[in-house]
$ cat my_file_29.txt   # compact mmCIF, C-alpha atoms
# COMPACT_ATOMS: atom_id res chain seq x y z
CA MET A 9 0.00 0.00 0.00
CA HIS A 10 1.26 3.47 -0.89
CA ALA A 11 1.96 6.09 1.74
CA PRO A 12 -0.77 8.72 2.11
CA THR A 13 -0.48 11.51 -0.46
CA CYS A 14 -1.35 15.19 -0.23
CA CYS A 15 -2.08 17.26 -3.31
CA PHE A 16 -1.86 21.03 -3.57
CA THR A 17 -4.05 23.41 -5.52
CA GLY A 18 -4.31 27.16 -5.45
CA HIS A 19 -4.52 30.38 -7.35
CA ARG A 20 -1.81 31.48 -9.73
CA GLU A 21 -2.08 35.06 -8.53
CA LEU A 22 -1.63 35.53 -4.81
CA PRO A 23 -1.82 38.78 -2.82
CA GLU A 24 1.81 39.88 -2.49
CA GLU A 25 1.33 40.97 1.12
CA LYS A 26 -0.01 37.52 2.07
CA ILE A 27 2.80 35.44 0.56
CA PRO A 28 4.93 35.30 3.76
CA GLU A 29 1.89 34.09 5.73
CA ILE A 30 0.99 31.55 3.03
CA LYS A 31 4.56 30.19 3.10
CA ARG A 32 4.49 29.93 6.90
CA ARG A 33 1.13 28.14 6.91
CA LEU A 34 2.26 25.79 4.14
CA ALA A 35 5.34 24.78 6.12
CA GLU A 36 3.26 24.23 9.27
CA GLU A 37 0.69 22.15 7.43
CA ILE A 38 3.31 20.01 5.72
CA VAL A 39 4.96 19.27 9.08
CA CYS A 40 1.55 18.42 10.56
CA LEU A 41 0.79 16.05 7.66
CA ILE A 42 4.21 14.41 8.00
CA SER A 43 3.41 13.76 11.66
CA GLU A 44 0.24 11.99 10.44
CA GLY A 45 2.26 9.76 8.12
CA VAL A 46 1.97 11.66 4.85
CA THR A 47 5.23 11.40 2.92
CA ARG A 48 4.07 11.92 -0.66
CA PHE A 49 3.12 15.34 -1.98
CA ALA A 50 1.86 16.28 -5.45
CA ALA A 51 1.69 19.68 -7.12
CA GLY A 52 0.50 20.85 -10.52
CA GLY A 53 3.52 22.96 -11.38
CA ALA A 54 1.63 26.19 -12.08
CA LEU A 55 2.76 29.63 -11.01
CA GLY A 56 1.60 30.99 -7.67
CA PHE A 57 0.46 28.56 -4.99
CA ASP A 58 1.65 25.42 -6.81
CA THR A 59 5.17 26.84 -6.96
CA LEU A 60 5.14 27.86 -3.29
CA ALA A 61 3.91 24.40 -2.30
CA ALA A 62 6.51 22.54 -4.37
CA LEU A 63 9.30 24.73 -2.97
CA ALA A 64 8.03 24.14 0.59
CA VAL A 65 8.14 20.35 0.09
CA LEU A 66 11.63 20.54 -1.37
CA GLN A 67 12.77 22.58 1.64
CA MET A 68 11.22 20.03 4.02
CA LYS A 69 13.09 17.21 2.25
CA VAL A 70 16.25 18.56 3.89
CA LEU A 71 14.79 17.60 7.28
CA PHE A 72 12.64 14.65 6.17
CA ALA A 73 14.53 12.64 3.56
CA GLU A 74 11.61 10.22 3.08
CA LEU A 75 9.42 12.87 1.44
CA GLU A 76 8.59 12.59 -2.24
CA LEU A 77 7.49 15.37 -4.55
CA THR A 78 5.49 14.44 -7.62
CA LEU A 79 4.68 17.01 -10.27
CA VAL A 80 1.53 16.32 -12.28
CA LEU A 81 1.83 18.67 -15.24
CA PRO A 82 -0.71 19.52 -17.94
CA CYS A 83 1.84 19.50 -20.79
CA ARG A 84 5.54 19.75 -21.50
CA THR A 85 5.11 23.31 -22.80
CA GLN A 86 3.39 24.65 -19.67
CA ASP A 87 6.05 27.33 -19.15
CA ARG A 88 6.13 28.46 -22.79
CA TYR A 89 4.88 32.03 -22.13
CA TRP A 90 6.35 32.53 -18.68
CA ARG A 91 8.99 35.12 -17.81
CA GLN A 92 12.60 33.91 -17.76
CA ALA A 93 12.89 33.96 -13.95
CA GLU A 94 9.70 31.90 -13.64
CA LYS A 95 11.00 29.39 -16.18
CA GLU A 96 14.28 29.03 -14.30
CA ARG A 97 12.54 28.41 -10.96
CA TYR A 98 10.16 25.93 -12.65
CA ARG A 99 13.04 24.01 -14.20
CA GLU A 100 14.85 23.92 -10.86
CA ILE A 101 11.75 22.42 -9.22
CA LEU A 102 11.44 19.93 -12.11
CA SER A 103 15.04 18.85 -11.64
CA GLN A 104 14.46 18.14 -7.93
CA ALA A 105 11.09 16.40 -8.20
CA ASP A 106 11.04 12.67 -7.50
CA HIS A 107 8.41 11.96 -10.16
CA VAL A 108 7.01 13.95 -13.08
CA THR A 109 3.83 13.02 -14.96
CA TYR A 110 2.60 14.84 -18.06
CA VAL A 111 -1.05 14.79 -19.09
CA SER A 112 -0.10 15.54 -22.70
CA GLU A 113 2.91 16.51 -24.80
CA GLN A 114 1.44 19.82 -26.01
CA TYR A 115 -1.25 22.06 -24.60
CA MET A 116 -4.70 20.82 -25.55
CA ARG A 117 -8.18 21.70 -24.43
CA GLY A 118 -8.96 20.01 -21.13
CA CYS A 119 -5.37 19.19 -20.10
CA MET A 120 -5.51 21.52 -17.08
CA GLN A 121 -8.73 19.97 -15.80
CA LYS A 122 -7.36 16.48 -16.38
CA ARG A 123 -4.21 17.43 -14.45
CA ASN A 124 -6.37 18.67 -11.56
CA ARG A 125 -8.38 15.45 -11.49
CA LEU A 126 -5.20 13.32 -11.50
CA LEU A 127 -3.83 15.32 -8.58
CA VAL A 128 -6.96 14.63 -6.54
CA GLU A 129 -7.36 10.99 -7.60
CA GLY A 130 -3.85 10.17 -6.43
CA SER A 131 -4.33 11.80 -3.03
CA SER A 132 -6.27 11.57 0.21
CA VAL A 133 -5.68 15.13 1.47
CA CYS A 134 -5.85 18.42 -0.43
CA VAL A 135 -4.09 21.53 0.84
CA CYS A 136 -5.28 24.58 -1.05
CA TYR A 137 -5.36 28.34 -1.20
CA CYS A 138 -8.83 29.05 -2.53
CA THR A 139 -10.62 32.40 -2.25
CA LYS A 140 -13.03 32.11 -5.21
CA ASN A 141 -16.04 29.91 -5.93
CA GLN A 142 -15.21 29.42 -9.59
CA GLY A 143 -12.19 28.58 -11.72
CA GLY A 144 -9.70 25.73 -11.74
CA THR A 145 -8.81 25.88 -8.05
CA ALA A 146 -12.46 25.92 -6.94
CA TYR A 147 -13.21 23.02 -9.30
CA THR A 148 -10.31 21.00 -7.88
CA VAL A 149 -11.34 21.68 -4.28
CA GLN A 150 -14.95 20.68 -5.06
CA TYR A 151 -13.72 17.51 -6.76
CA ALA A 152 -11.56 16.64 -3.72
CA ARG A 153 -14.55 17.11 -1.42
CA LYS A 154 -16.71 15.00 -3.72
CA LYS A 155 -14.08 12.23 -3.47
CA GLY A 156 -14.27 12.44 0.33
CA HIS A 157 -10.82 13.94 0.78
CA ARG A 158 -9.93 16.15 3.71
CA VAL A 159 -9.50 19.70 2.39
CA ILE A 160 -7.33 22.21 4.24
CA ASN A 161 -7.83 25.73 2.88
CA LEU A 162 -4.98 28.04 3.91
CA ALA A 163 -7.05 31.04 2.79
CA GLU A 164 -9.51 30.51 5.65
$ encode --input "my_file_29.txt" --output "structure tokens"
Amino acid sequence: MHAPTCCFTGHRELPEEKIPEIKRRLAEEIVCLISEGVTRFAAGGALGFDTLAALAVLQMKVLFAELELTLVLPCRTQDRYWRQAEKERYREILSQADHVTYVSEQYMRGCMQKRNRLLVEGSSVCVCYCTKNQGGTAYTVQYARKKGHRVINLAE
């Protein structure tokens, strides 16, 4: 049986003034989940919350070597239109991830939603930063709840 897995989902755009608090809460929640036996974490590789979550897991791996970071990505060209600094950080995260799964080679309609569903289906806990009732993050959170997963919203 696989170790329990936590997925992350959240908005791409985060309030700049809240980022330090989001980072602190992410670290606290990851430590709490580790104490509950969660050692596998999965992120979607998007800008914003996904990036913060992946970086937090990678930082925790220094203290907890048993942790695994899986990236479930919509397509290989996800970073095509990103700024150079964002691409470099993304590629650094990619290089440190334990597992990388691509939904498709190129962007295609529905690949983001499929990525979100795969994140949830491979997990039992969902840590999110969700402030809106619509959009990809809200859909993913609703899907996690529908699947009976525990949802921890760091925006609340």
$ closest_atom_pairs --input "my_file_29.txt" --of "region 54-98 of chain A" --to "region 13-35 of chain A" --cutoff "7 Å" --atoms "all atoms listed in the file" --output "tab-separated table"
residue	atom	partner	partner_atom	distance
A:Ala54	CA	A:Arg20	CA	6.7
A:Leu55	CA	A:Arg20	CA	5.1
A:Gly56	CA	A:Arg20	CA	4.0
A:Phe57	CA	A:Gly18	CA	5.0
A:Asp58	CA	A:Thr17	CA	6.2
A:Leu60	CA	A:Lys31	CA	6.8
A:Ala61	CA	A:Leu34	CA	6.8
A:Ala64	CA	A:Ala35	CA	6.2
$ closest_residue --input "my_file_29.txt" --among "A:Ala51, A:Ala62, A:Val133, A:Ala163" --to "Tyr110 (chain A)" --atoms "only C-alpha atoms"
A:Ala51
$ closest_residue --input "my_file_29.txt" --among "A:Val70, A:Val128, A:Ala50, A:Met120" --to "Val108 (chain A)" --atoms "only C-alpha atoms"
A:Ala50
$ atom_distance --input "my_file_29.txt" --atom1 "CA of Pro82 (chain A)" --atom2 "CA of Gly144 (chain A)"
12.6 Å
$ closest_residue --input "my_file_29.txt" --among "A:Ala152, A:Val46, A:Leu63, A:Leu79" --to "Val111 (chain A)" --atoms "only C-alpha atoms"
A:Leu79
$ closest_residue --input "my_file_29.txt" --among "A:Gly45, A:Gly52, A:Gly143, A:Gly156" --to "Glu74 (chain A)" --atoms "all atoms listed in the file"
A:Gly45
$ atom_distance --input "my_file_29.txt" --atom1 "CA of Ala105 (chain A)" --atom2 "CA of Thr47 (chain A)"
13.5 Å
$ residues_around --input "my_file_29.txt" --residues "Thr109 (chain A)" --least-positions-apart "5" --cutoff "12 Å" --atoms "all atoms listed in the file" --output "VMD selection string"
chain A and resid 50 to 53 77 to 84 102 122 to 123 126 to 127 130
$ atom_distance --input "my_file_29.txt" --atom1 "CA of Ser112 (chain A)" --atom2 "CA of Tyr89 (chain A)"
17.2 Å
$ residues_around --input "my_file_29.txt" --residues "Asn161 (chain A)" --least-positions-apart "3" --cutoff "7 Å" --atoms "all atoms listed in the file" --output "list in words"
Val135, Cys136, Tyr137, Cys138 and Glu164 of chain A
$ decode --input "my_file_29.txt" --residues "region 98-111 of chain A" --atoms "N, CA, C and O atoms" --output "JSON list (two decimals), in the first residue's frame"
[["chain", "number", "residue", "atom", "x", "y", "z"],
["A", 98, "TYR", "N", 10.93, 27.12, -12.26],
["A", 98, "TYR", "CA", 10.16, 25.93, -12.65],
["A", 98, "TYR", "C", 11.09, 24.78, -13.00],
["A", 98, "TYR", "O", 10.91, 23.65, -12.54],
["A", 99, "ARG", "N", 12.10, 25.06, -13.79],
["A", 99, "ARG", "CA", 13.04, 24.01, -14.20],
["A", 99, "ARG", "C", 13.86, 23.49, -13.03],
["A", 99, "ARG", "O", 14.20, 22.31, -12.98],
["A", 100, "GLU", "N", 14.15, 24.36, -12.07],
["A", 100, "GLU", "CA", 14.85, 23.92, -10.86],
["A", 100, "GLU", "C", 13.97, 22.97, -10.05],
["A", 100, "GLU", "O", 14.43, 21.94, -9.57],
["A", 101, "ILE", "N", 12.69, 23.31, -9.92],
["A", 101, "ILE", "CA", 11.75, 22.42, -9.22],
["A", 101, "ILE", "C", 11.64, 21.10, -9.97],
["A", 101, "ILE", "O", 11.69, 20.02, -9.36],
["A", 102, "LEU", "N", 11.50, 21.15, -11.29],
["A", 102, "LEU", "CA", 11.44, 19.93, -12.11],
["A", 102, "LEU", "C", 12.65, 19.03, -11.86],
["A", 102, "LEU", "O", 12.51, 17.81, -11.74],
["A", 103, "SER", "N", 13.81, 19.64, -11.80],
["A", 103, "SER", "CA", 15.04, 18.85, -11.64],
["A", 103, "SER", "C", 15.13, 18.18, -10.27],
["A", 103, "SER", "O", 15.82, 17.18, -10.12],
["A", 104, "GLN", "N", 14.41, 18.70, -9.28],
["A", 104, "GLN", "CA", 14.46, 18.14, -7.93],
["A", 104, "GLN", "C", 13.27, 17.25, -7.59],
["A", 104, "GLN", "O", 13.28, 16.59, -6.55],
["A", 105, "ALA", "N", 12.27, 17.23, -8.45],
["A", 105, "ALA", "CA", 11.09, 16.40, -8.20],
["A", 105, "ALA", "C", 11.46, 14.93, -8.29],
["A", 105, "ALA", "O", 12.32, 14.53, -9.08],
["A", 106, "ASP", "N", 10.80, 14.12, -7.48],
["A", 106, "ASP", "CA", 11.04, 12.67, -7.50],
["A", 106, "ASP", "C", 10.35, 11.99, -8.67],
["A", 106, "ASP", "O", 10.84, 11.01, -9.20],
["A", 107, "HIS", "N", 9.19, 12.52, -9.05],
["A", 107, "HIS", "CA", 8.41, 11.96, -10.16],
["A", 107, "HIS", "C", 7.76, 13.11, -10.92],
["A", 107, "HIS", "O", 7.33, 14.08, -10.32],
["A", 108, "VAL", "N", 7.68, 12.96, -12.24],
["A", 108, "VAL", "CA", 7.01, 13.95, -13.08],
["A", 108, "VAL", "C", 6.09, 13.20, -14.04],
["A", 108, "VAL", "O", 6.52, 12.26, -14.72],
["A", 109, "THR", "N", 4.83, 13.61, -14.06],
["A", 109, "THR", "CA", 3.83, 13.02, -14.96],
["A", 109, "THR", "C", 3.26, 14.13, -15.83],
["A", 109, "THR", "O", 2.89, 15.19, -15.31],
["A", 110, "TYR", "N", 3.19, 13.88, -17.13],
["A", 110, "TYR", "CA", 2.60, 14.84, -18.06],
["A", 110, "TYR", "C", 1.26, 14.31, -18.56],
["A", 110, "TYR", "O", 1.18, 13.15, -18.97],
["A", 111, "VAL", "N", 0.26, 15.17, -18.56],
["A", 111, "VAL", "CA", -1.05, 14.79, -19.09],
["A", 111, "VAL", "C", -0.98, 14.68, -20.60],
["A", 111, "VAL", "O", -1.55, 13.77, -21.20]]
